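Remarks on the structure that follows.
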Amino acid sequence: MAAPPGTPALLVLRALGLGDLLTAVPALRALRRAHPGHELVLAAPERLAEAAFATGAVDRLLPAAAPGRAVPESLGWTGPPPDTAVDLHGNGPASHRPLHALRPARLLAYGRPGTDGGPPVPGPAWRDAEHERSRWCRLLEWYGVHADPGDLR
C-alpha cells in the first residue's frame, strides 16, 4: 500500500538473505521509532516480503537483489529522492553508490574517505569482528538514533 502523497520516505538497503534480514530487525525497529511519520521502505529481495512485514517496522518492500552477496548496482526507486537512506548492506562504495545515486537528503552509512572509487561518506568506522545486530545498531547510534541490539521480539 502506497503512503499518502507528500509522506517522507526512509529507504533502507538490506538486499541479502533471511538471516541477514533478521540481524537487521533491531535496527529497522529503531528507525521506525525514530521516524514515525516516514514511510519505511526496505530494499531487499522480493522473497523476503512476508518476513520484512512481520518485523512491524517495514511499510513497503522495494524489490532489490543481486547474485550471491553482491550489492544491486541500482535500485528501482521512483518518485522524489528519499528523505533518508540507510546502508545496512555493507560499508563500501558498492552499497553506498546505489543509495547516493538517489540523492537522499541524508545518508546514514559507515564512513568512507571517498578515495576508493565511491563517494565520500562521513560515519563511524567499520569493525570486521562485530556481530551484525550490534554493527547496525552502533551505526544508528552514531547518527543519534537509539537502537537496542536485543530488540528481537
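A note on labels: chains of the C-alpha cells are A, B, ... as shown, every chain counts residues from 1, and ligands are counted from 1 in their shown order.
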
Requested in this report: Name all residues at most 12 Å from Phe53 in chain A (count only C-alpha atoms; drop same-chain ones fewer than 2 positions away) and give them as an MDAnalysis selection string.
Outcome: chainID A and resid 1 21:22 25 28:29 40:42 44 46:51 55:61

File of the preceding selection, N, CA and C atoms, as a PDB file, in the first residue's frame:
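Written file, out_15.pdb:
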```
ATOM      1  N   MET A   1       0.839  -1.189   0.000  1.00  0.00           N
ATOM      2  CA  MET A   1       0.000   0.000   0.000  1.00  0.00           C
ATOM      3  C   MET A   1       0.878   1.245   0.000  1.00  0.00           C
ATOM      4  N   LEU A  21      18.385 -10.347   7.030  1.00  0.00           N
ATOM      5  CA  LEU A  21      17.233  -9.523   7.393  1.00  0.00           C
ATOM      6  C   LEU A  21      16.982  -9.603   8.895  1.00  0.00           C
ATOM      7  N   LEU A  22      17.044 -10.809   9.434  1.00  0.00           N
ATOM      8  CA  LEU A  22      16.769 -10.982  10.863  1.00  0.00           C
ATOM      9  C   LEU A  22      17.780 -10.249  11.735  1.00  0.00           C
ATOM     10  N   VAL A  25      16.727  -6.599  12.207  1.00  0.00           N
ATOM     11  CA  VAL A  25      15.437  -6.276  12.840  1.00  0.00           C
ATOM     12  C   VAL A  25      15.570  -5.208  13.927  1.00  0.00           C
ATOM     13  N   LEU A  28      15.983  -1.893  12.157  1.00  0.00           N
ATOM     14  CA  LEU A  28      14.752  -1.490  11.464  1.00  0.00           C
ATOM     15  C   LEU A  28      13.727  -0.949  12.463  1.00  0.00           C
ATOM     16  N   ARG A  29      13.588  -1.610  13.583  1.00  0.00           N
ATOM     17  CA  ARG A  29      12.630  -1.135  14.602  1.00  0.00           C
ATOM     18  C   ARG A  29      13.060   0.208  15.184  1.00  0.00           C
ATOM     19  N   LEU A  40       8.682   3.694   5.735  1.00  0.00           N
ATOM     20  CA  LEU A  40       9.927   2.949   5.786  1.00  0.00           C
ATOM     21  C   LEU A  40       9.903   1.904   4.668  1.00  0.00           C
ATOM     22  N   VAL A  41      10.807   2.079   3.706  1.00  0.00           N
ATOM     23  CA  VAL A  41      10.892   1.221   2.531  1.00  0.00           C
ATOM     24  C   VAL A  41      12.166   0.393   2.642  1.00  0.00           C
ATOM     25  N   LEU A  42      12.017  -0.909   2.561  1.00  0.00           N
ATOM     26  CA  LEU A  42      13.163  -1.808   2.633  1.00  0.00           C
ATOM     27  C   LEU A  42      13.506  -2.310   1.236  1.00  0.00           C
ATOM     28  N   ALA A  44      15.128  -4.980  -0.587  1.00  0.00           N
ATOM     29  CA  ALA A  44      15.528  -6.346  -0.267  1.00  0.00           C
ATOM     30  C   ALA A  44      14.924  -7.298  -1.300  1.00  0.00           C
ATOM     31  N   GLU A  46      12.563  -9.778  -3.106  1.00  0.00           N
ATOM     32  CA  GLU A  46      11.104  -9.875  -3.024  1.00  0.00           C
ATOM     33  C   GLU A  46      10.648 -11.073  -2.192  1.00  0.00           C
ATOM     34  N   ARG A  47      11.410 -12.147  -2.203  1.00  0.00           N
ATOM     35  CA  ARG A  47      11.038 -13.341  -1.443  1.00  0.00           C
ATOM     36  C   ARG A  47      11.005 -13.090   0.066  1.00  0.00           C
ATOM     37  N   LEU A  48      11.557 -11.978   0.523  1.00  0.00           N
ATOM     38  CA  LEU A  48      11.589 -11.657   1.951  1.00  0.00           C
ATOM     39  C   LEU A  48      10.444 -10.746   2.389  1.00  0.00           C
ATOM     40  N   ALA A  49       9.520 -10.455   1.492  1.00  0.00           N
ATOM     41  CA  ALA A  49       8.444  -9.508   1.801  1.00  0.00           C
ATOM     42  C   ALA A  49       7.675  -9.903   3.058  1.00  0.00           C
ATOM     43  N   GLU A  50       7.227 -11.143   3.146  1.00  0.00           N
ATOM     44  CA  GLU A  50       6.430 -11.561   4.301  1.00  0.00           C
ATOM     45  C   GLU A  50       7.216 -11.398   5.604  1.00  0.00           C
ATOM     46  N   ALA A  51       8.461 -11.813   5.611  1.00  0.00           N
ATOM     47  CA  ALA A  51       9.290 -11.677   6.814  1.00  0.00           C
ATOM     48  C   ALA A  51       9.538 -10.206   7.141  1.00  0.00           C
ATOM     49  N   THR A  55       8.197  -7.882  10.763  1.00  0.00           N
ATOM     50  CA  THR A  55       9.011  -7.157  11.745  1.00  0.00           C
ATOM     51  C   THR A  55       8.217  -6.041  12.410  1.00  0.00           C
ATOM     52  N   GLY A  56       7.146  -5.597  11.753  1.00  0.00           N
ATOM     53  CA  GLY A  56       6.378  -4.478  12.272  1.00  0.00           C
ATOM     54  C   GLY A  56       7.022  -3.131  12.001  1.00  0.00           C
ATOM     55  N   ALA A  57       8.127  -3.117  11.261  1.00  0.00           N
ATOM     56  CA  ALA A  57       8.845  -1.874  11.014  1.00  0.00           C
ATOM     57  C   ALA A  57       8.767  -1.411   9.569  1.00  0.00           C
ATOM     58  N   VAL A  58       8.507  -2.316   8.654  1.00  0.00           N
ATOM     59  CA  VAL A  58       8.575  -2.024   7.226  1.00  0.00           C
ATOM     60  C   VAL A  58       7.187  -1.728   6.662  1.00  0.00           C
ATOM     61  N   ASP A  59       7.075  -0.634   5.932  1.00  0.00           N
ATOM     62  CA  ASP A  59       5.811  -0.266   5.283  1.00  0.00           C
ATOM     63  C   ASP A  59       5.717  -0.800   3.858  1.00  0.00           C
ATOM     64  N   ARG A  60       6.868  -0.838   3.178  1.00  0.00           N
ATOM     65  CA  ARG A  60       6.861  -1.253   1.772  1.00  0.00           C
ATOM     66  C   ARG A  60       8.188  -1.910   1.446  1.00  0.00           C
ATOM     67  N   LEU A  61       8.140  -2.906   0.569  1.00  0.00           N
ATOM     68  CA  LEU A  61       9.359  -3.564   0.110  1.00  0.00           C
ATOM     69  C   LEU A  61       9.651  -3.098  -1.320  1.00  0.00           C
TER      70      LEU A  61
END
```

Report task. Pick out the residues sitting within 8 Å of Val145 in chain A, and hand them over as a PyMOL selection string; count only C-alpha atoms, and ignore anything fewer than 3 positions along from it in its own chain. Result -> chain A and resi 30-31+34+140-142

Can you write out the residues you just picked, keeping C-alpha atoms, as a PDB file, in the first residue's frame?
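Contents of part_20.pdb, as written:
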```pdb
ATOM      1  CA  ALA A  30      14.854   1.681  15.860  1.00  0.00           C
ATOM      2  CA  LEU A  31      14.440   3.505  12.550  1.00  0.00           C
ATOM      3  CA  ALA A  34      12.794   7.422  15.265  1.00  0.00           C
ATOM      4  CA  LEU A 140      22.362   4.231  14.029  1.00  0.00           C
ATOM      5  CA  GLU A 141      23.576   5.346  17.476  1.00  0.00           C
ATOM      6  CA  TRP A 142      26.395   7.281  15.772  1.00  0.00           C
TER       7      TRP A 142
END
```

Query raised in the report: Got a sec: who's within 7 Å of Arg133 in chain A, counting only C-alpha atoms, leaving out chain neighbours fewer than 3 positions off, as a list in words?
Result: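 Counting only C-alpha atoms, the residues come to Thr23, Ala24, Pro26, Trp136, Cys137 and Pro149 of chain A.
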
Query raised in the report: For Thr7 in chain A, which residue out of A:Pro80, A:Ala105, A:Tyr110, A:Gly144 is the nearest one, using only C-alpha atoms?
Result: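 Closest to Thr7 in chain A, using only C-alpha atoms: A:Pro80.
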
**Report entry** Using only C-alpha atoms: which of A:Ser95, A:Glu73, A:Gly150, A:Leu107 has the shortest distance to Glu132 in chain A
**Finding:** A:Gly150

Query raised in the report: So which bits of chain A end up strand (DSSP E or B) when you DSSP the backbone, as a ChimeraX atom specification?
Result: /A:9-13,39-44,60-63,84-87,106-108,112,121

Output the selection as an mmCIF file, in the first residue's frame - C-alpha atoms for each residue.
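Final output, part31.cif:
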```cif
data_model
loop_
_atom_site.group_PDB
_atom_site.id
_atom_site.type_symbol
_atom_site.label_atom_id
_atom_site.label_comp_id
_atom_site.auth_asym_id
_atom_site.auth_seq_id
_atom_site.Cartn_x
_atom_site.Cartn_y
_atom_site.Cartn_z
ATOM 1 C CA ALA A 9 10.444 8.185 2.726
ATOM 2 C CA LEU A 10 13.161 6.395 4.629
ATOM 3 C CA LEU A 11 14.888 3.852 2.372
ATOM 4 C CA VAL A 12 16.915 1.020 3.912
ATOM 5 C CA LEU A 13 19.189 -1.181 1.783
ATOM 6 C CA GLU A 39 7.232 5.521 5.014
ATOM 7 C CA LEU A 40 9.927 2.949 5.786
ATOM 8 C CA VAL A 41 10.892 1.221 2.531
ATOM 9 C CA LEU A 42 13.163 -1.808 2.633
ATOM 10 C CA ALA A 43 15.214 -2.564 -0.488
ATOM 11 C CA ALA A 44 15.528 -6.346 -0.267
ATOM 12 C CA ARG A 60 6.861 -1.253 1.772
ATOM 13 C CA LEU A 61 9.359 -3.564 0.110
ATOM 14 C CA LEU A 62 11.351 -2.330 -2.884
ATOM 15 C CA PRO A 63 12.478 -5.484 -4.695
ATOM 16 C CA THR A 84 16.822 9.470 4.478
ATOM 17 C CA ALA A 85 18.680 6.471 3.055
ATOM 18 C CA VAL A 86 20.333 3.895 5.313
ATOM 19 C CA ASP A 87 23.026 1.442 4.250
ATOM 20 C CA ARG A 106 20.574 12.321 4.405
ATOM 21 C CA LEU A 107 22.641 9.115 4.076
ATOM 22 C CA LEU A 108 23.346 7.007 7.153
ATOM 23 C CA ARG A 112 34.441 6.025 3.726
ATOM 24 C CA VAL A 121 30.686 9.296 3.378
#
```
